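S.K.: Here it is, the structure in full.
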Amino acid sequence: MLELSPIISSIVYGITTGSYYALLALGLSLIFGVMKVVNLSHGEVLMLAGYSSFWTYVIVGSLGLAFLVSPLVGLTVGAFMYWFIVRLVRDKPELYSLLVTFGVGVFLANSMILAWTAEYRSITHPLMILPVDLGIASVNVSNVLSSASSLVLILATYVLIEKTFIGRAIKASAESREIASILGIDVNKVELISFIIGCVLASVAGFWLAVNEYVVPTHTAALTVKAFILTALAGAGSILGVIAAGMILGVAESLFVTFFTASYKELVGFIIFVLILFLRPKGLFGR
Amino acid sequence: MLLVVNDVRKSFGGVKALRGVSFNVEEGEMVGLVGPNGAGKTTLFNVIAGVYKPDTGTVIYDNKDITGLPPHEIIKRGISRTFQVVRLFDNMSVIDNIALPLLFVKGTSLKNAREAALEFIELVGLKGKEYTPIGSLTLQEKRRVELARALVTRPRLVLIDEIAAGLRPKELLKVEDTIRRINKEYMMTVIWVEHHFHSVAKTCHRIIFLDQGRIIIDDKPEVVAKDPRVIKTYVGEEGGSTSSI
Amino acid sequence: MEKQRSLTYTLLKPLFIILLIIYPLLVGLNPYYVRVMFFSLLLANISMAWSILAVAGQVSFGHAAFFGLAAYVTGLLAVRLGIPPPLSIPVAVLFSTAVVGGVVAVTFRLREVYFALAMLAYAEILKYIVINTPEITGGSLGLLNIPPLGRIELGSEAIDFSKYIPLYYLFLALTFIVAYVMTRIMNSRIGVALKAISRDELAAESCGINVFKYKVIALIVSAIITSSMGAIYAHINRFLYPEVAFSMEWSIFPIIASLFAGYEISILGPAIGAVILYTVKEFFISRLMERGYEIIYGLLLVFVLLVLRKGVLDYIIIKVRELRLGKVIT
């Protein structure tokens, strides 16, 4: 008889990781969708923020402060990157931004290796590893908090995009920059805001990664790749799709680790990606 | 009948760009295609040129069905086109841009293709600029390169898409003259999309007026100019009427 | 479309050729140094191969798929079936080109980033398959005892290609051949088509270019060269590990070398870039930094793309042309 319990806790754990995958992918989706800019350094932004939180925690000792630091880092890095890099590549073909941000990513990842070595770092706070009994499974406080806060942020982004003026401006710019500026929208500001939001979402994901797992500069590329796989899976323009895609990936990876092996779990994403490419190129929820 | 377009429809998502367009073009004719922005003129060109496949309807050229053939096939059969937004290869010189189609449509050698291109460089008035890099040309000059490129394979039918936008009257006259020569001297059938109603009315045998994906009127220039629906569109656009033909 | 009438290249080419030919003597026949140059030539070929596909508008982040698959096929044919390298290598190249190439061609229409990632996915999936079929491939423990390239008998003497000096010159000759062929291709109608495609696919189609056909041609050339490199590598190295054969290094380094040097003006740029970058890295940089030296690659890339807007060699060539002709060229 199949043991249900490991499957269920596997799924639950998968939902946790899925929630910050979704956060990461949503950030990327915003940048990719609005500016048609391919940001291959998205994973590095996440990791930078995660490291910032880690060092804040180690130096100051406050988890709350560490949590606040991550979006701040995202905001700063995002603004910098937009001003110095993205602004110069956004009118060019996507291929160009792909290659430039790839270079930026290599630079950032290796900077982190040089600065902080390739050791695994993790934020371990006693409160976070307290178990929470959900009836069917037992998880950590950190799992619950990360899922909850990710969901809240995703919902907040959804509200922002769909219900506010800024959101409508963002959508208009995504449709067509020319028409948006004719309508009086300051496209530069809209793009800056979109990019920053994208980076902030990635940064919070970075914090939760540091708490739930670990931060290490050699894993940035895998995360960026996953984020892109999720945007392909979700299809263009669907926030719900990103959440679903994140969950699917998170759970699939988790089950894979439970039943096979912990190494090569990156493969899960790749296989899902290739399947989607050949079976449903528009993504699961694409318009 | 060189070209027969029959009930062509094309939608993009919810937007119906062409709602059943039908018309014929005889060999040797010069047809003007006019209409407000978004009427579907460029979409129609894209369907004929093979960039889009129509949802329904057919395009018959020289008694053969060419509907849905890809662009590289279309040009091999003798239909060439220019683009509304200039699409040149900026990693090549002017003469190489113009000569290029000959390499692939007629299999000409590079040397011979460049020689053949010279004639058309002169036709569009770019003599002396053969080896100028594309990046240093003005927009007008680039348009002329694109026109020459569309002519170099000596097509039977040329689709010209808004080549005269933003021109001063003197330059406009030169463009009209060039297109007239293309039609009369080179004996190419021409369909010319243009916003300058006067230019089109002066040079074309016939004008097709397209609006919201439908042909409103297809007749001689004098007749079209007096049509109330056409006048409504052009009054206010050029600050005048169509009566100065 | 003009033939490579570039002063810079006319000077650089013979210089490089001579340097490469006398290189083993320059380094006193030191095996380590010769091996370093051997690897840079390996990467030079892959860089040219990557570039021709990039000119066709398809940027791949997974060329390791061709490399590793061909390496394993020839290794397996030789080790398991006893097929000699002169036969197993071509078979491996054909197989790798057909299988990976076939899958890739189907995904040509993907958006750039998804195509790049799909290529990466193929490489990783192939790596995983190799790791998980240890009965056949040896898995993570590796495929060992791959026979060397063999020898050619010349009367009473023999050129033994398992010795590093003959091997070096064999490979150098091969590289020269590849470079020559690539240059001829890029100067031909195919090259013209690819250059047009790299700028504007729609305009190229409208000029009579069957874009898909030419992309496939570029893919086949790219695949054959990269696969050949992988197959040769198997017989030089004598053993294969999946992590190494499908390593991202084979995918990423050619990209960096090609962008650094620039592939627009000449297909030889990537080859020169690869040799320069690899030798500099091996001889100088990795002495100084263990890890993280790749930070320089990142900086180079951003500098080349944002500031110069073209590869370093392309930039130099254009500046030299401007000086000679006395006017500004784009």
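Every chain in the structure tokens has a letter given in the order shown (A, B, ...), and although residue numbers restart at 1 in each chain, ligands are simply numbered from 1 in the order shown.
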Could you pull out the strand (DSSP E or B) residues of segment 119-241 of chain A, going by DSSP on the backbone, and write them as a list of chain:residue names?
M.R.: A:Arg121, A:Pro131, A:Val132, A:Asp133, A:Ser138, A:Val139, A:Asn140, A:Val215
S.K.: Convert the current residue selection to file output with N, CA and C atoms, as a PDB file, in the first residue's frame.
M.R.:
```
ATOM      1  N   ARG A 121      24.650  29.331   2.258  1.00  0.00           N
ATOM      2  CA  ARG A 121      24.282  30.087   3.465  1.00  0.00           C
ATOM      3  C   ARG A 121      22.794  29.993   3.680  1.00  0.00           C
ATOM      4  N   PRO A 131       7.352  23.439  14.061  1.00  0.00           N
ATOM      5  CA  PRO A 131       6.398  22.716  13.223  1.00  0.00           C
ATOM      6  C   PRO A 131       4.987  23.266  13.351  1.00  0.00           C
ATOM      7  N   VAL A 132       4.272  23.163  12.294  1.00  0.00           N
ATOM      8  CA  VAL A 132       2.863  23.540  12.266  1.00  0.00           C
ATOM      9  C   VAL A 132       2.089  22.323  11.792  1.00  0.00           C
ATOM     10  N   ASP A 133       1.149  21.891  12.608  1.00  0.00           N
ATOM     11  CA  ASP A 133       0.416  20.695  12.248  1.00  0.00           C
ATOM     12  C   ASP A 133      -0.808  21.058  11.419  1.00  0.00           C
ATOM     13  N   SER A 138       2.756  17.865   8.330  1.00  0.00           N
ATOM     14  CA  SER A 138       3.388  18.787   9.253  1.00  0.00           C
ATOM     15  C   SER A 138       4.418  19.615   8.511  1.00  0.00           C
ATOM     16  N   VAL A 139       4.330  20.916   8.658  1.00  0.00           N
ATOM     17  CA  VAL A 139       5.290  21.777   7.972  1.00  0.00           C
ATOM     18  C   VAL A 139       5.935  22.712   8.972  1.00  0.00           C
ATOM     19  N   ASN A 140       6.838  23.524   8.473  1.00  0.00           N
ATOM     20  CA  ASN A 140       7.470  24.518   9.322  1.00  0.00           C
ATOM     21  C   ASN A 140       6.709  25.826   9.267  1.00  0.00           C
ATOM     22  N   VAL A 215      21.088  30.178   0.195  1.00  0.00           N
ATOM     23  CA  VAL A 215      21.517  30.983  -0.942  1.00  0.00           C
ATOM     24  C   VAL A 215      22.940  30.586  -1.318  1.00  0.00           C
TER      25      VAL A 215
END
```
S.K.: Determine, counting only C-alpha atoms, which protein, DNA and RNA residues have an atom within 10 Å of an atom of Ser149 of chain A; residues of the same chain fewer than 5 positions away are not included. Present the result as a PyMOL selection string.
M.R.: chain A and resi 19-20+23+144+154-155+204-205+208
S.K.: With a cut-off of 7 Å and counting only C-alpha atoms, select all residues of chain A in contact with chain C and give the selection as a PyMOL selection string.
M.R.: chain A and resi 95+98+100+103-104+106-107+110-111+113-114+267+270+274
S.K.: Please tabulate, as CSV, the residues of chain C that come within 12 Å of chain B, each with its closest pair of atoms and the distance in Å to one decimal, counting only C-alpha atoms and ordering rows by chain, then residue number upward.
M.R.:
```
residue,atom,partner,partner_atom,distance
C:Met1,CA,B:Met92,CA,6.2
C:Glu2,CA,B:Met92,CA,8.4
C:Lys3,CA,B:Leu110,CA,10.9
C:Val55,CA,B:Asn91,CA,11.7
C:Asn187,CA,B:Leu110,CA,10.5
C:Ser188,CA,B:Leu110,CA,9.2
C:Arg189,CA,B:Leu103,CA,7.3
C:Ile190,CA,B:Phe104,CA,9.9
C:Gly191,CA,B:Leu103,CA,11.7
C:Val192,CA,B:Leu100,CA,8.1
C:Ala193,CA,B:Phe104,CA,8.5
C:Leu194,CA,B:Phe89,CA,11.2
C:Lys195,CA,B:Asn91,CA,7.5
C:Ala196,CA,B:Phe89,CA,6.1
C:Ile197,CA,B:Phe89,CA,8.8
C:Ser198,CA,B:Phe89,CA,8.8
C:Arg199,CA,B:Phe89,CA,5.8
C:Asp200,CA,B:Phe89,CA,6.9
C:Glu201,CA,B:Arg87,CA,9.7
C:Leu202,CA,B:Val51,CA,8.1
C:Ala203,CA,B:Arg87,CA,6.1
C:Ala204,CA,B:His72,CA,8.2
C:Glu205,CA,B:His72,CA,4.9
C:Ser206,CA,B:Pro71,CA,5.1
C:Cys207,CA,B:Pro101,CA,4.6
C:Gly208,CA,B:His72,CA,3.9
C:Ile209,CA,B:His72,CA,5.6
C:Asn210,CA,B:His72,CA,5.8
C:Val211,CA,B:His72,CA,8.4
C:Phe212,CA,B:His72,CA,10.6
C:Lys213,CA,B:His72,CA,11.1
C:Tyr214,CA,B:Phe104,CA,11.6
C:Glu264,CA,B:Asn91,CA,8.4
C:Ile265,CA,B:Asn91,CA,9.0
C:Lys327,CA,B:Thr132,CA,10.7
C:Val328,CA,B:Ser136,CA,8.8
C:Ile329,CA,B:Pro133,CA,6.7
C:Thr330,CA,B:Gly135,CA,6.0
```
S.K.: Now that the selection is made, can you save its residues with N, CA and C atoms as a compact mmCIF listing (two decimals), in the first residue's frame?
M.R.:
```
# COMPACT_ATOMS: atom_id res chain seq x y z
N MET C 1 28.48 42.18 -48.24
CA MET C 1 28.65 41.06 -49.15
C MET C 1 30.01 41.08 -49.81
N GLU C 2 30.76 42.14 -49.63
CA GLU C 2 32.09 42.19 -50.26
C GLU C 2 32.95 41.08 -49.67
N LYS C 3 33.85 40.60 -50.46
CA LYS C 3 34.79 39.60 -49.93
C LYS C 3 35.55 40.24 -48.78
N VAL C 55 24.32 33.81 -36.69
CA VAL C 55 24.07 34.70 -37.81
C VAL C 55 22.70 34.42 -38.39
N ASN C 187 31.14 33.54 -47.66
CA ASN C 187 31.31 34.40 -48.83
C ASN C 187 30.42 33.98 -49.99
N SER C 188 29.69 32.91 -49.80
CA SER C 188 28.87 32.42 -50.90
C SER C 188 27.45 32.93 -50.75
N ARG C 189 26.60 32.46 -51.62
CA ARG C 189 25.19 32.80 -51.58
C ARG C 189 24.59 32.49 -50.20
N ILE C 190 25.03 31.38 -49.61
CA ILE C 190 24.51 31.00 -48.30
C ILE C 190 24.82 32.08 -47.28
N GLY C 191 26.06 32.56 -47.34
CA GLY C 191 26.45 33.61 -46.39
C GLY C 191 25.62 34.86 -46.58
N VAL C 192 25.37 35.21 -47.83
CA VAL C 192 24.56 36.40 -48.10
C VAL C 192 23.17 36.21 -47.51
N ALA C 193 22.60 35.03 -47.75
CA ALA C 193 21.27 34.76 -47.23
C ALA C 193 21.25 34.87 -45.71
N LEU C 194 22.25 34.28 -45.07
CA LEU C 194 22.28 34.30 -43.60
C LEU C 194 22.44 35.71 -43.08
N LYS C 195 23.28 36.49 -43.74
CA LYS C 195 23.46 37.86 -43.27
C LYS C 195 22.18 38.67 -43.42
N ALA C 196 21.44 38.41 -44.50
CA ALA C 196 20.16 39.10 -44.66
C ALA C 196 19.19 38.64 -43.57
N ILE C 197 19.16 37.34 -43.34
CA ILE C 197 18.27 36.79 -42.32
C ILE C 197 18.60 37.37 -40.96
N SER C 198 19.88 37.57 -40.69
CA SER C 198 20.27 38.06 -39.37
C SER C 198 19.76 39.48 -39.14
N ARG C 199 19.50 40.21 -40.21
CA ARG C 199 19.02 41.58 -40.05
C ARG C 199 17.52 41.67 -40.04
N ASP C 200 16.89 40.99 -41.00
CA ASP C 200 15.44 41.13 -41.14
C ASP C 200 14.90 39.92 -41.87
N GLU C 201 14.26 39.03 -41.11
CA GLU C 201 13.81 37.79 -41.72
C GLU C 201 12.70 38.02 -42.73
N LEU C 202 11.81 38.94 -42.42
CA LEU C 202 10.68 39.18 -43.32
C LEU C 202 11.18 39.76 -44.64
N ALA C 203 12.08 40.75 -44.55
CA ALA C 203 12.62 41.33 -45.78
C ALA C 203 13.36 40.26 -46.58
N ALA C 204 14.10 39.41 -45.87
CA ALA C 204 14.84 38.35 -46.55
C ALA C 204 13.89 37.43 -47.31
N GLU C 205 12.80 37.04 -46.65
CA GLU C 205 11.80 36.20 -47.33
C GLU C 205 11.28 36.89 -48.57
N SER C 206 11.01 38.18 -48.43
CA SER C 206 10.44 38.91 -49.56
C SER C 206 11.44 39.09 -50.68
N CYS C 207 12.70 38.80 -50.41
CA CYS C 207 13.71 38.90 -51.47
C CYS C 207 13.98 37.53 -52.08
N GLY C 208 13.16 36.57 -51.76
CA GLY C 208 13.30 35.27 -52.37
C GLY C 208 14.08 34.26 -51.54
N ILE C 209 14.45 34.65 -50.31
CA ILE C 209 15.22 33.74 -49.47
C ILE C 209 14.28 32.85 -48.68
N ASN C 210 14.44 31.55 -48.83
CA ASN C 210 13.65 30.61 -48.04
C ASN C 210 14.32 30.51 -46.68
N VAL C 211 13.83 31.30 -45.74
CA VAL C 211 14.52 31.45 -44.46
C VAL C 211 14.70 30.11 -43.75
N PHE C 212 13.67 29.31 -43.74
CA PHE C 212 13.76 28.04 -43.02
C PHE C 212 14.86 27.16 -43.62
N LYS C 213 14.89 27.11 -44.94
CA LYS C 213 15.91 26.28 -45.59
C LYS C 213 17.32 26.71 -45.19
N TYR C 214 17.55 28.02 -45.17
CA TYR C 214 18.89 28.48 -44.84
C TYR C 214 19.22 28.30 -43.38
N GLU C 264 30.13 39.31 -37.03
CA GLU C 264 29.44 39.90 -38.16
C GLU C 264 30.37 40.09 -39.35
N ILE C 265 31.57 40.56 -39.10
CA ILE C 265 32.46 40.87 -40.20
C ILE C 265 33.09 39.60 -40.76
N LYS C 327 36.32 58.23 -43.87
CA LYS C 327 34.96 58.68 -43.59
C LYS C 327 34.30 57.75 -42.60
N VAL C 328 33.16 58.15 -42.11
CA VAL C 328 32.50 57.38 -41.06
C VAL C 328 31.65 56.28 -41.66
N ILE C 329 31.82 55.11 -41.14
CA ILE C 329 31.01 53.98 -41.59
C ILE C 329 30.20 53.48 -40.41
N THR C 330 29.02 53.03 -40.67
CA THR C 330 28.24 52.50 -39.53
C THR C 330 28.82 51.18 -39.08
```
S.K.: Could you write out, as a PyMOL selection string, all the residues of segment 114-173 of chain B that DSSP marks as alpha helix (DSSP H)?
M.R.: chain B and resi 114-123+139-151+169-173
S.K.: Just want the 7 Å neighbourhood of segment 69-75 of chain A, counted on only C-alpha atoms, with same-chain residues fewer than 5 positions away dropped. Output as a list in words.
M.R.: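 Result of the neighbour search: Val45, Ala49, Gly50, Ser52, Ser53, Ile196, Cys199, Val200, Ser203, Val204 and Phe207 of chain A.
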S.K.: Quick one: residues within 9 Å of Gly40 of chain B, only C-alpha atoms counted, chain neighbours fewer than 5 positions away excluded, as a ChimeraX atom specification?
M.R.: /B:17-18,35,45,210-214
S.K.: Go ahead and write the residues just picked, C-alpha atoms, as a compact mmCIF listing (two decimals), in the first residue's frame.
M.R.:
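Output (result04.txt):
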```
# COMPACT_ATOMS: atom_id res chain seq x y z
CA ALA B 17 -8.82 43.54 -40.75
CA LEU B 18 -10.27 42.43 -44.07
CA GLY B 35 -8.26 54.63 -47.34
CA PHE B 45 -0.65 43.67 -49.36
CA LEU B 210 -10.79 50.72 -48.66
CA ASP B 211 -12.34 51.41 -45.28
CA GLN B 212 -12.59 49.12 -42.27
CA GLY B 213 -11.63 46.10 -44.31
CA ARG B 214 -14.16 46.60 -47.09
```
S.K.: What's the 9 Å shell around Gly32 of chain B, counting only C-alpha atoms, without same-chain residues fewer than 4 positions away, as a PDB file with C-alpha atoms, in the first residue's frame?
M.R.:
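What landed in around_3.pdb:
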```
ATOM      1  CA  VAL B 190       1.432  48.601 -60.049  1.00  0.00           C
ATOM      2  CA  ILE B 191      -0.775  48.703 -56.987  1.00  0.00           C
ATOM      3  CA  TRP B 192       0.100  51.805 -55.023  1.00  0.00           C
ATOM      4  CA  VAL B 193      -1.017  52.401 -51.465  1.00  0.00           C
ATOM      5  CA  GLU B 194      -0.753  56.065 -50.707  1.00  0.00           C
ATOM      6  CA  PHE B 197      -4.946  61.276 -52.846  1.00  0.00           C
ATOM      7  CA  VAL B 200      -2.745  58.645 -56.782  1.00  0.00           C
ATOM      8  CA  ALA B 201      -5.538  60.318 -58.707  1.00  0.00           C
ATOM      9  CA  THR B 203      -1.196  58.792 -61.992  1.00  0.00           C
ATOM     10  CA  CYS B 204      -3.534  55.837 -61.634  1.00  0.00           C
ATOM     11  CA  HIS B 205      -6.009  54.336 -64.045  1.00  0.00           C
ATOM     12  CA  ARG B 206      -8.195  53.290 -61.175  1.00  0.00           C
ATOM     13  CA  ILE B 207      -8.606  53.883 -57.464  1.00  0.00           C
ATOM     14  CA  ILE B 208      -9.828  51.423 -54.870  1.00  0.00           C
ATOM     15  CA  PHE B 209     -11.040  52.987 -51.659  1.00  0.00           C
ATOM     16  CA  PRO B 221     -10.179  58.582 -60.196  1.00  0.00           C
TER      17      PRO B 221
END
```
S.K.: Quick one: pull the distance between atom CA of Val225 of chain A and atom CA of Thr124 of chain A, Å, one decimal.
M.R.: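 Taking atom CA of Val225 of chain A and atom CA of Thr124 of chain A, their separation equals 26.8 Å.
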S.K.: Write out as a ChimeraX atom specification the residues lying within 7 Å of segment 240-247 of chain A, counting only C-alpha atoms and excluding same-chain residues fewer than 2 positions away.
M.R.: /A:14-15,18-19,21-22,25-26,230-231,233-235,238,249-251,285
S.K.: Would you please work out which residue, of A:Phe80, A:Phe259, A:Trp116, A:Phe32, is nearest to Ser97 of chain A when using only C-alpha atoms?
M.R.: A:Phe32
S.K.: Name the residues in contact with segment 221-233 of chain C at a cut-off of 10 Å, using only C-alpha atoms, excluding same-chain residues fewer than 5 positions from it; report them as an NGL selection string.
M.R.: :C and (39 or 41-43 or 45-54 or 63-75 or 85 or 88-98 or 100-101 or 148-149 or 171 or 178 or 182 or 185 or 215-216 or 238-240 or 245-246 or 250)
S.K.: Residues as selected, C-alpha atoms, written as a compact mmCIF listing (two decimals), in the first residue's frame, can you do that?
M.R.:
```
# COMPACT_ATOMS: atom_id res chain seq x y z
CA PHE C 39 41.70 23.00 -26.14
CA LEU C 41 41.50 25.27 -30.93
CA LEU C 42 38.71 22.89 -29.97
CA LEU C 43 36.77 25.82 -28.60
CA ASN C 45 35.98 25.47 -33.92
CA ILE C 46 32.91 25.26 -31.74
CA SER C 47 32.79 29.05 -31.60
CA MET C 48 32.74 29.28 -35.38
CA ALA C 49 30.05 26.65 -35.44
CA TRP C 50 27.98 28.50 -32.87
CA SER C 51 28.39 31.73 -34.78
CA ILE C 52 27.05 30.53 -38.09
CA LEU C 53 23.85 29.52 -36.35
CA ALA C 54 23.79 32.84 -34.52
CA HIS C 63 25.67 23.34 -28.10
CA ALA C 64 27.01 20.92 -25.53
CA ALA C 65 24.19 18.66 -26.73
CA PHE C 66 25.90 18.10 -30.09
CA PHE C 67 29.31 17.85 -28.47
CA GLY C 68 28.41 15.40 -25.75
CA LEU C 69 26.14 13.19 -27.79
CA ALA C 70 28.70 12.70 -30.54
CA ALA C 71 31.39 12.06 -27.93
CA TYR C 72 29.35 9.35 -26.29
CA VAL C 73 28.21 7.73 -29.52
CA THR C 74 31.72 7.36 -30.84
CA GLY C 75 32.97 6.29 -27.42
CA PRO C 85 37.63 5.59 -34.68
CA SER C 88 32.90 5.50 -35.37
CA ILE C 89 33.60 9.21 -35.54
CA PRO C 90 31.69 9.93 -38.76
CA VAL C 91 28.83 7.75 -37.58
CA ALA C 92 28.69 9.68 -34.32
CA VAL C 93 28.74 12.99 -36.13
CA LEU C 94 25.92 11.96 -38.43
CA PHE C 95 23.87 10.59 -35.58
CA SER C 96 24.29 13.64 -33.39
CA THR C 97 23.55 16.02 -36.24
CA ALA C 98 20.45 14.12 -37.29
CA VAL C 100 19.69 16.78 -32.08
CA GLY C 101 19.46 18.75 -35.30
CA PRO C 148 42.93 6.67 -29.31
CA LEU C 149 42.83 8.00 -32.81
CA PHE C 171 44.09 19.07 -35.17
CA VAL C 178 37.17 24.19 -40.92
CA MET C 182 33.43 28.40 -43.09
CA ILE C 185 30.43 29.39 -47.02
CA LYS C 215 18.46 28.13 -41.12
CA VAL C 216 18.53 24.40 -41.54
CA ARG C 238 40.22 8.52 -23.71
CA PHE C 239 37.43 8.72 -21.14
CA LEU C 240 34.11 10.52 -20.81
CA ALA C 245 31.00 15.93 -21.93
CA PHE C 246 27.73 17.85 -21.54
CA TRP C 250 31.05 23.87 -24.14
```
